[in-house]
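Source file input38.pdb; content: PDB, C-alpha atoms and all ligand atoms.
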MODEL        1
ATOM      1  CA  MET A   1     207.806 132.236 108.863
ATOM      2  CA  LYS A   2     207.746 128.553 109.663
ATOM      3  CA  ILE A   3     210.871 127.762 111.631
ATOM      4  CA  VAL A   4     211.852 124.246 112.593
ATOM      5  CA  ALA A   5     214.590 123.526 115.127
ATOM      6  CA  LEU A   6     215.997 120.011 114.951
ATOM      7  CA  THR A   7     217.829 119.558 118.229
ATOM      8  CA  GLY A   8     220.091 116.935 119.756
ATOM      9  CA  ALA A   9     222.054 116.301 122.904
ATOM     10  CA  GLY A  10     224.307 119.337 122.333
ATOM     11  CA  ILE A  11     221.569 121.822 123.182
ATOM     12  CA  SER A  12     221.271 120.311 126.654
ATOM     13  CA  ALA A  13     225.029 119.991 127.198
ATOM     14  CA  GLU A  14     225.246 123.345 128.931
ATOM     15  CA  SER A  15     222.425 122.289 131.230
ATOM     16  CA  GLY A  16     224.773 119.570 132.472
ATOM     17  CA  ILE A  17     223.322 116.624 130.549
ATOM     18  CA  ALA A  18     226.082 114.656 128.841
ATOM     19  CA  THR A  19     226.006 114.153 125.059
ATOM     20  CA  PHE A  20     226.169 110.633 123.636
ATOM     21  CA  ARG A  21     229.283 110.768 121.507
ATOM     22  CA  GLY A  22     232.642 112.413 122.062
ATOM     23  CA  ALA A  23     234.647 112.889 125.247
ATOM     24  CA  GLY A  24     232.594 112.369 128.372
ATOM     25  CA  GLY A  25     229.718 111.100 126.237
ATOM     26  CA  LEU A  26     227.061 109.072 127.916
ATOM     27  CA  TRP A  27     227.692 105.847 126.120
ATOM     28  CA  GLU A  28     231.325 105.677 127.214
ATOM     29  CA  GLY A  29     230.483 104.107 130.531
ATOM     30  CA  HIS A  30     227.779 101.897 129.057
ATOM     31  CA  ARG A  31     227.665  99.854 125.913
ATOM     32  CA  VAL A  32     224.585 100.918 123.969
ATOM     33  CA  GLU A  33     223.536  97.335 123.522
ATOM     34  CA  ASP A  34     223.622  96.819 127.301
ATOM     35  CA  VAL A  35     221.040  99.457 127.983
ATOM     36  CA  ALA A  36     219.138 100.737 124.969
ATOM     37  CA  THR A  37     217.764  97.768 123.063
ATOM     38  CA  PRO A  38     214.747  95.485 123.380
ATOM     39  CA  GLU A  39     217.191  92.594 123.866
ATOM     40  CA  ALA A  40     218.764  94.314 126.874
ATOM     41  CA  TRP A  41     215.290  94.814 128.306
ATOM     42  CA  GLU A  42     214.519  91.156 127.843
ATOM     43  CA  TYR A  43     217.719  89.831 129.426
ATOM     44  CA  ASP A  44     218.517  92.421 132.096
ATOM     45  CA  PRO A  45     215.618  94.802 132.705
ATOM     46  CA  GLU A  46     217.012  95.860 136.063
ATOM     47  CA  THR A  47     220.184  97.331 134.520
ATOM     48  CA  VAL A  48     218.112  99.049 131.837
ATOM     49  CA  LEU A  49     215.814 100.579 134.454
ATOM     50  CA  GLU A  50     218.799 101.683 136.569
ATOM     51  CA  PHE A  51     220.401 103.360 133.572
ATOM     52  CA  TYR A  52     217.265 105.312 132.727
ATOM     53  CA  ASN A  53     216.547 106.053 136.392
ATOM     54  CA  SER A  54     219.871 107.847 136.570
ATOM     55  CA  ARG A  55     219.126 109.683 133.295
ATOM     56  CA  ARG A  56     215.754 110.750 134.711
ATOM     57  CA  LYS A  57     217.390 112.017 137.894
ATOM     58  CA  ALA A  58     219.947 114.042 135.906
ATOM     59  CA  VAL A  59     217.162 115.607 133.835
ATOM     60  CA  ALA A  60     215.085 116.416 136.911
ATOM     61  CA  GLU A  61     218.061 118.224 138.445
ATOM     62  CA  ALA A  62     218.860 120.191 135.270
ATOM     63  CA  PHE A  63     217.443 123.490 134.080
ATOM     64  CA  PRO A  64     216.844 124.876 130.595
ATOM     65  CA  ASN A  65     219.764 126.993 129.406
ATOM     66  CA  ALA A  66     219.926 130.163 127.315
ATOM     67  CA  GLY A  67     219.675 128.071 124.137
ATOM     68  CA  HIS A  68     216.362 126.433 125.060
ATOM     69  CA  ILE A  69     215.034 129.768 126.282
ATOM     70  CA  ALA A  70     216.053 131.592 123.097
ATOM     71  CA  LEU A  71     214.215 129.069 120.908
ATOM     72  CA  ALA A  72     211.028 129.596 122.901
ATOM     73  CA  ARG A  73     211.390 133.357 122.389
ATOM     74  CA  LEU A  74     211.223 132.875 118.597
ATOM     75  CA  GLU A  75     207.497 132.155 118.959
ATOM     76  CA  ALA A  76     206.853 135.871 119.528
ATOM     77  CA  LYS A  77     207.093 136.333 115.774
ATOM     78  CA  HIS A  78     207.286 132.955 114.046
ATOM     79  CA  GLU A  79     205.546 129.606 113.833
ATOM     80  CA  VAL A  80     208.073 127.368 115.556
ATOM     81  CA  THR A  81     208.274 123.610 115.918
ATOM     82  CA  VAL A  82     211.047 121.934 117.862
ATOM     83  CA  ILE A  83     211.805 118.418 116.694
ATOM     84  CA  THR A  84     214.148 116.942 119.239
ATOM     85  CA  GLN A  85     216.049 113.708 119.601
ATOM     86  CA  ASN A  86     216.374 114.469 123.294
ATOM     87  CA  ILE A  87     214.367 112.613 125.888
ATOM     88  CA  ASP A  88     214.659 115.451 128.407
ATOM     89  CA  ASP A  89     211.885 117.995 128.957
ATOM     90  CA  LEU A  90     214.028 121.131 128.853
ATOM     91  CA  HIS A  91     212.367 122.563 125.723
ATOM     92  CA  GLU A  92     208.982 122.276 127.434
ATOM     93  CA  ARG A  93     210.310 123.814 130.632
ATOM     94  CA  ALA A  94     211.712 126.695 128.569
ATOM     95  CA  GLU A  95     208.131 127.099 127.287
ATOM     96  CA  SER A  96     208.434 126.012 123.696
ATOM     97  CA  SER A  97     204.838 125.248 122.669
ATOM     98  CA  HIS A  98     205.302 122.668 119.925
ATOM     99  CA  VAL A  99     207.848 119.991 120.767
ATOM    100  CA  LEU A 100     207.980 116.660 119.018
ATOM    101  CA  HIS A 101     210.159 114.019 120.687
ATOM    102  CA  LEU A 102     211.531 111.572 118.137
ATOM    103  CA  HIS A 103     213.159 109.334 120.738
ATOM    104  CA  GLY A 104     210.574 109.501 123.511
ATOM    105  CA  GLU A 105     210.347 111.246 126.846
ATOM    106  CA  ILE A 106     212.150 110.151 129.984
ATOM    107  CA  MET A 107     209.556 111.701 132.291
ATOM    108  CA  LYS A 108     206.904 109.333 130.913
ATOM    109  CA  ALA A 109     206.420 105.623 131.456
ATOM    110  CA  ARG A 110     204.824 103.086 129.157
ATOM    111  CA  SER A 111     203.152  99.764 129.802
ATOM    112  CA  THR A 112     204.429  96.659 128.035
ATOM    113  CA  CYS A 113     201.071  94.977 127.431
ATOM    114  CA  ASP A 114     199.536  94.431 123.976
ATOM    115  CA  PHE A 115     197.992  97.911 123.879
ATOM    116  CA  PRO A 116     200.662 100.040 125.552
ATOM    117  CA  ARG A 117     199.599 103.088 127.496
ATOM    118  CA  VAL A 118     201.835 106.103 128.008
ATOM    119  CA  MET A 119     201.590 107.924 131.333
ATOM    120  CA  ASN A 120     203.180 110.934 132.970
ATOM    121  CA  TRP A 121     205.606 109.505 135.485
ATOM    122  CA  GLY A 122     207.689 112.388 136.787
ATOM    123  CA  ALA A 123     211.133 112.191 138.338
ATOM    124  CA  ARG A 124     210.785 109.037 140.418
ATOM    125  CA  ASP A 125     212.430 105.720 139.596
ATOM    126  CA  ILE A 126     210.736 102.951 137.655
ATOM    127  CA  VAL A 127     211.518  99.621 139.320
ATOM    128  CA  LEU A 128     210.701  96.005 138.613
ATOM    129  CA  GLY A 129     207.200  95.447 139.966
ATOM    130  CA  ASP A 130     205.839  98.827 138.836
ATOM    131  CA  LEU A 131     202.895  97.565 136.827
ATOM    132  CA  CYS A 132     200.141  99.027 134.667
ATOM    133  CA  GLU A 133     196.463  98.451 135.480
ATOM    134  CA  SER A 134     196.451  95.256 133.462
ATOM    135  CA  GLY A 135     199.539  93.930 135.199
ATOM    136  CA  SER A 136     202.348  94.540 132.697
ATOM    137  CA  GLN A 137     205.747  95.879 133.782
ATOM    138  CA  LEU A 138     206.300  99.592 133.095
ATOM    139  CA  ARG A 139     209.280 100.721 131.026
ATOM    140  CA  PRO A 140     210.678 104.156 130.177
ATOM    141  CA  HIS A 141     208.840 105.833 127.295
ATOM    142  CA  VAL A 142     211.936 106.009 125.110
ATOM    143  CA  VAL A 143     212.857 104.599 121.724
ATOM    144  CA  TRP A 144     215.476 101.858 121.787
ATOM    145  CA  PHE A 145     217.783 100.853 118.966
ATOM    146  CA  GLY A 146     215.913  98.548 116.635
ATOM    147  CA  GLU A 147     212.509  99.995 117.559
ATOM    148  CA  GLU A 148     210.179 102.050 115.397
ATOM    149  CA  VAL A 149     210.349 105.857 115.600
ATOM    150  CA  PRO A 150     206.599 106.550 115.599
ATOM    151  CA  GLU A 151     206.926 110.347 115.567
ATOM    152  CA  TYR A 152     209.077 110.301 112.437
ATOM    153  CA  MET A 153     206.096 110.446 110.098
ATOM    154  CA  ARG A 154     204.775 113.498 111.920
ATOM    155  CA  ALA A 155     208.167 115.169 111.578
ATOM    156  CA  VAL A 156     208.417 114.674 107.801
ATOM    157  CA  PRO A 157     205.790 117.215 106.636
ATOM    158  CA  ILE A 158     206.850 119.701 109.304
ATOM    159  CA  ILE A 159     210.427 119.731 107.999
ATOM    160  CA  ALA A 160     209.270 119.733 104.374
ATOM    161  CA  GLN A 161     207.241 122.918 104.954
ATOM    162  CA  ALA A 162     209.910 124.825 106.884
ATOM    163  CA  ASP A 163     211.017 128.265 105.663
ATOM    164  CA  VAL A 164     214.022 128.132 107.981
ATOM    165  CA  LEU A 165     215.662 125.083 109.525
ATOM    166  CA  MET A 166     217.916 125.132 112.555
ATOM    167  CA  VAL A 167     220.091 122.092 113.261
ATOM    168  CA  ILE A 168     221.402 122.371 116.787
ATOM    169  CA  GLY A 169     223.739 120.127 118.759
ATOM    170  CA  THR A 170     223.328 116.864 116.930
ATOM    171  CA  SER A 171     225.947 114.680 115.272
ATOM    172  CA  LEU A 172     223.254 113.430 112.838
ATOM    173  CA  GLN A 173     224.543 109.914 113.205
ATOM    174  CA  VAL A 174     221.339 108.187 114.177
ATOM    175  CA  TYR A 175     218.838 107.162 111.521
ATOM    176  CA  PRO A 176     216.069 108.094 110.756
ATOM    177  CA  ALA A 177     216.429 111.450 112.544
ATOM    178  CA  SER A 178     219.576 112.156 110.518
ATOM    179  CA  GLY A 179     217.633 111.843 107.244
ATOM    180  CA  LEU A 180     215.173 114.595 108.148
ATOM    181  CA  VAL A 181     217.564 117.383 107.126
ATOM    182  CA  GLU A 182     217.516 116.086 103.552
ATOM    183  CA  LEU A 183     213.795 116.819 103.394
ATOM    184  CA  ALA A 184     214.232 120.578 103.742
ATOM    185  CA  ARG A 185     213.175 122.546 100.672
ATOM    186  CA  PRO A 186     216.068 123.478  98.349
ATOM    187  CA  GLY A 187     217.626 126.851  99.095
ATOM    188  CA  ILE A 188     216.117 127.511 102.520
ATOM    189  CA  PRO A 189     218.511 128.864 105.147
ATOM    190  CA  ILE A 190     219.840 126.211 107.483
ATOM    191  CA  TYR A 191     221.370 127.454 110.720
ATOM    192  CA  TRP A 192     223.776 124.793 111.898
ATOM    193  CA  VAL A 193     224.816 125.433 115.499
ATOM    194  CA  ASP A 194     227.491 123.037 116.706
ATOM    195  CA  PRO A 195     231.061 123.634 117.903
ATOM    196  CA  ASP A 196     232.091 120.616 115.834
ATOM    197  CA  SER A 197     232.805 121.364 112.169
ATOM    198  CA  ASP A 198     232.454 117.829 110.862
ATOM    199  CA  MET A 199     229.684 118.136 108.268
ATOM    200  CA  ALA A 200     229.633 114.434 107.460
ATOM    201  CA  GLY A 201     226.042 113.928 108.533
ATOM    202  CA  LEU A 202     224.688 117.170 107.092
ATOM    203  CA  SER A 203     223.385 116.392 103.636
ATOM    204  CA  THR A 204     220.943 119.039 102.421
ATOM    205  CA  ALA A 205     219.856 121.161  99.485
ATOM    206  CA  GLY A 206     219.420 124.135 101.826
ATOM    207  CA  GLU A 207     221.967 126.907 102.251
ATOM    208  CA  VAL A 208     223.997 126.115 105.348
ATOM    209  CA  PHE A 209     225.233 128.813 107.741
ATOM    210  CA  HIS A 210     227.514 127.306 110.344
ATOM    211  CA  PHE A 211     227.807 128.765 113.831
ATOM    212  CA  PRO A 212     230.676 126.806 115.390
ATOM    213  CA  GLU A 213     229.753 127.734 118.949
ATOM    214  CA  PRO A 214     227.975 126.246 121.946
ATOM    215  CA  ALA A 215     224.198 126.576 121.591
ATOM    216  CA  ALA A 216     223.643 128.583 124.778
ATOM    217  CA  GLY A 217     226.117 131.196 123.544
ATOM    218  CA  ALA A 218     225.032 131.348 119.898
ATOM    219  CA  LEU A 219     221.258 130.993 119.993
ATOM    220  CA  PRO A 220     220.251 134.210 121.797
ATOM    221  CA  GLY A 221     221.936 136.316 119.072
ATOM    222  CA  ILE A 222     220.639 134.161 116.213
ATOM    223  CA  VAL A 223     217.118 134.391 117.605
ATOM    224  CA  ASP A 224     217.371 138.185 117.983
ATOM    225  CA  ARG A 225     218.260 138.412 114.302
ATOM    226  CA  LEU A 226     215.475 136.049 113.232
ATOM    227  CA  LEU A 227     212.974 138.138 115.164
ATOM    228  CA  GLU A 228     213.995 141.143 113.060
ATOM    229  CA  SER A 229     214.546 139.367 109.746
ATOM    230  CA  GLN A 230     212.187 139.529 106.769
ATOM    231  CA  THR A 231     214.058 136.857 104.802
ATOM    232  CA  GLY A 232     215.150 134.366 107.451
ATOM    233  CA  ARG A 233     218.760 134.707 106.347
ATOM    234  CA  PRO A 234     221.453 135.641 108.838
ATOM    235  CA  GLU A 235     222.900 138.639 106.968
TER     236      GLU A 235
HETATM  237  P1  LIG B   1     225.500 113.217 119.902
HETATM  238  O1  LIG B   1     226.168 113.020 121.225
HETATM  239  O2  LIG B   1     225.719 112.175 118.857
HETATM  240  O3  LIG B   1     225.963 114.604 119.276
HETATM  241  C1  LIG B   1     225.971 115.759 120.060
HETATM  242  C2  LIG B   1     226.399 116.921 119.183
HETATM  243  O4  LIG B   1     226.319 118.079 119.988
HETATM  244  C3  LIG B   1     227.821 116.812 118.639
HETATM  245  O5  LIG B   1     227.810 117.149 117.256
HETATM  246  C4  LIG B   1     228.572 117.863 119.462
HETATM  247  O6  LIG B   1     229.631 118.480 118.703
HETATM  248  C5  LIG B   1     227.477 118.854 119.746
HETATM  249  N1  LIG B   1     227.669 119.687 120.948
HETATM  250  C6  LIG B   1     228.353 119.414 122.075
HETATM  251  N2  LIG B   1     228.253 120.434 122.961
HETATM  252  C7  LIG B   1     227.463 121.374 122.365
HETATM  253  C8  LIG B   1     226.967 122.648 122.760
HETATM  254  N3  LIG B   1     227.259 123.168 123.964
HETATM  255  N4  LIG B   1     226.170 123.323 121.896
HETATM  256  C9  LIG B   1     225.860 122.823 120.672
HETATM  257  N5  LIG B   1     226.316 121.623 120.245
HETATM  258  C10 LIG B   1     227.093 120.903 121.076
HETATM  259  O7  LIG B   1     223.944 113.442 120.201
HETATM  260  P2  LIG B   1     222.704 113.304 119.225
HETATM  261  O8  LIG B   1     223.049 113.677 117.832
HETATM  262  O9  LIG B   1     221.583 114.008 119.871
HETATM  263  O10 LIG B   1     219.236 108.097 120.584
HETATM  264  O11 LIG B   1     222.442 111.761 119.301
HETATM  265  C11 LIG B   1     221.366 111.225 118.616
HETATM  266  C12 LIG B   1     220.840 110.007 119.306
HETATM  267  O12 LIG B   1     221.897 109.094 119.594
HETATM  268  C13 LIG B   1     220.246 110.240 120.675
HETATM  269  O13 LIG B   1     218.932 110.786 120.625
HETATM  270  C14 LIG B   1     220.236 108.883 121.256
HETATM  271  C15 LIG B   1     221.633 108.437 120.869
HETATM  272  O14 LIG B   1     221.806 107.110 120.657
HETATM  273  C16 LIG B   1     218.561 107.139 121.245
HETATM  274  O15 LIG B   1     218.710 106.924 122.420
HETATM  275  C17 LIG B   1     217.598 106.384 120.381
ENDMDL
END

For this file, produce the structure as structure tokens.
Amino acid sequence: MKIVALTGAGISAESGIATFRGAGGLWEGHRVEDVATPEAWEYDPETVLEFYNSRRKAVAEAFPNAGHIALARLEAKHEVTVITQNIDDLHERAESSHVLHLHGEIMKARSTCDFPRVMNWGARDIVLGDLCESGSQLRPHVVWFGEEVPEYMRAVPIIAQADVLMVIGTSLQVYPASGLVELARPGIPIYWVDPDSDMAGLSTAGEVFHFPEPAAGALPGIVDRLLESQTGRPE
């Protein structure tokens, strides 16, 4: 079966990486527009770099949890693609083979010249004065509000061909990622794993099965069942 897992900040919560919305959410201490927009980069690049340097450090110190690891285990039997809004590399470190990052990757840097190059950067800080070969300042390889989401078009056919969709730890409040769920084929099983029961963002023609639990607790059991299942349904 083709299984697609659409993941958000919630799957990394139990690895110690704060989610964006809700109590303790990342944006509480920082206004989004101060740190995650092209305008912020233009007016105060140092603050933007500091913000992402601390995100990078938190990711480097974190480890994949039982949720990430369970998803990787699904590959023993199924064709699995993880489409994540997360900029961390915990799916890769849990050994998921096909991970598409809609909002970029914090462990990569990108040049800001006319033909931007993406490079593996690792856990170290990016500071003003870190330049590409042609002399442009490096920035984090992440998508800011108001920027294109280049990987979106790759995600569309993957979701549209899924036999099973898992929606894990995302509030589905950020467009266009939130719209992907609507592209699932009518009637397919949708495993929605999120302790929150607010379905506002979940608009789909699939059949939704809600697991109102933390991902690290729920996913190992769900994955065990999907490894046995002929139909992809939870019963
Ligand atoms: P949010 O912070 O908006 O939502 C996190 C979701 O995870 C909420 O629905 C929580 O209820 C749920 N959650 C919390 N703990 C959980 C756990 N242990 N297990 C499972 N679910 C849990 O994060 P995202 O939806 O990922 O974009 O946010 C989307 C985008 O908004 C981010 O990628 C980022 C941000 O602005 C950019 O930076 C472009």

(request) Give the answer as one residue: which of A:Val99, A:Ala205, A:Leu172, A:Met199 has the shortest atom-to-atom distance to ligand LIG 1 (chain B), using all atoms listed in the file? (result) A:Leu172

(message) If the PyMOL selection byres (((chain A and resi 80) around 9) and not hetatm) were run on this exact file, what residues would it hold? Put them as a VMD selection string.
(response) chain A and resid 1 to 5 71 to 72 74 to 75 78 to 79 81 to 82 96 to 98

(request) Would you kindly translate the PyMOL selection byres (((chain A and resi 133-150) around 9) and not hetatm) into the concrete residues it picks from this file, as number ranges by chain? (result) A: 32-33, 35-38, 41, 45, 49, 52-53, 87, 102-113, 118-119, 126-132, 151-154, 176-177

(message) For the PyMOL selection byres (((chain A and resi 206-211) around 6) and not hetatm), applied here, can you spell out every residue it catches as a ChimeraX atom specification?
(response) /A:186-193,204-205,212-213

Got a sec to check which residues lie within 6 Å of ligand LIG 1 (chain B), using only C-alpha atoms and all ligand atoms, and send them as a PDB file with C-alpha atoms, keeping the file's coordinate frame?
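Result file is part.pdb:
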ATOM      1  CA  GLY A   8     220.091 116.935 119.756  1.00  0.00           C
ATOM      2  CA  ALA A   9     222.054 116.301 122.904  1.00  0.00           C
ATOM      3  CA  GLY A  10     224.307 119.337 122.333  1.00  0.00           C
ATOM      4  CA  ILE A  11     221.569 121.822 123.182  1.00  0.00           C
ATOM      5  CA  ALA A  13     225.029 119.991 127.198  1.00  0.00           C
ATOM      6  CA  GLU A  14     225.246 123.345 128.931  1.00  0.00           C
ATOM      7  CA  THR A  19     226.006 114.153 125.059  1.00  0.00           C
ATOM      8  CA  PHE A  20     226.169 110.633 123.636  1.00  0.00           C
ATOM      9  CA  ARG A  21     229.283 110.768 121.507  1.00  0.00           C
ATOM     10  CA  GLN A  85     216.049 113.708 119.601  1.00  0.00           C
ATOM     11  CA  ASN A  86     216.374 114.469 123.294  1.00  0.00           C
ATOM     12  CA  HIS A 103     213.159 109.334 120.738  1.00  0.00           C
ATOM     13  CA  VAL A 143     212.857 104.599 121.724  1.00  0.00           C
ATOM     14  CA  TRP A 144     215.476 101.858 121.787  1.00  0.00           C
ATOM     15  CA  PHE A 145     217.783 100.853 118.966  1.00  0.00           C
ATOM     16  CA  ILE A 168     221.402 122.371 116.787  1.00  0.00           C
ATOM     17  CA  GLY A 169     223.739 120.127 118.759  1.00  0.00           C
ATOM     18  CA  THR A 170     223.328 116.864 116.930  1.00  0.00           C
ATOM     19  CA  SER A 171     225.947 114.680 115.272  1.00  0.00           C
ATOM     20  CA  LEU A 172     223.254 113.430 112.838  1.00  0.00           C
ATOM     21  CA  VAL A 174     221.339 108.187 114.177  1.00  0.00           C
ATOM     22  CA  VAL A 193     224.816 125.433 115.499  1.00  0.00           C
ATOM     23  CA  ASP A 194     227.491 123.037 116.706  1.00  0.00           C
ATOM     24  CA  PRO A 195     231.061 123.634 117.903  1.00  0.00           C
ATOM     25  CA  ASP A 196     232.091 120.616 115.834  1.00  0.00           C
ATOM     26  CA  PRO A 214     227.975 126.246 121.946  1.00  0.00           C
ATOM     27  CA  ALA A 215     224.198 126.576 121.591  1.00  0.00           C
TER      28      ALA A 215
END

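With all atoms listed in the file as the atoms that count, the residue of A:Asp224, A:Gly217, A:Ile17, A:Ile83 with the shortest distance to Val156 of chain A is A:Ile83.
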
(message) Restricting the calculation to all atoms listed in the file: of A:Trp121, A:Phe51, A:Glu61, A:Asp88, which residue gets closest to Gly29 of chain A?
(response) A:Phe51

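For the choices A:Ala60, A:Leu219, A:Leu202, A:Ala40, the atom-to-atom distance to Gly122 of chain A is smallest for A:Ala60 when using all atoms listed in the file.
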
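Polymer residues near (209.7, 119.7, 105.8): counting all atoms listed in the file with a cut-off of 9 Å, they are Val4, Ala155, Val156, Pro157, Ile158, Ile159, Ala160, Gln161, Ala162, Asp163, Leu165, Leu180, Val181, Glu182, Leu183, Ala184 and Arg185 of chain A.
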
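Checking A:Gln173, A:Ser54, A:Thr7, A:Ser229 one by one against Gly67 of chain A, counting only C-alpha atoms, you find the shortest gap at A:Thr7.
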
(message) Would you compute the distance between atom CA of Leu90 of chain A and atom CA of Pro64 of chain A? Give it in Å to one decimal.
(response)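 Computing it gives 5.0 Å between the two atoms.
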
(request) Kindly give the distance, in Å, that separates atom CA of Gly221 of chain A and atom CA of His101 of chain A, rounded to a single decimal. (result)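 Atom-to-atom, atom CA of Gly221 of chain A to atom CA of His101 of chain A, that is 25.3 Å.
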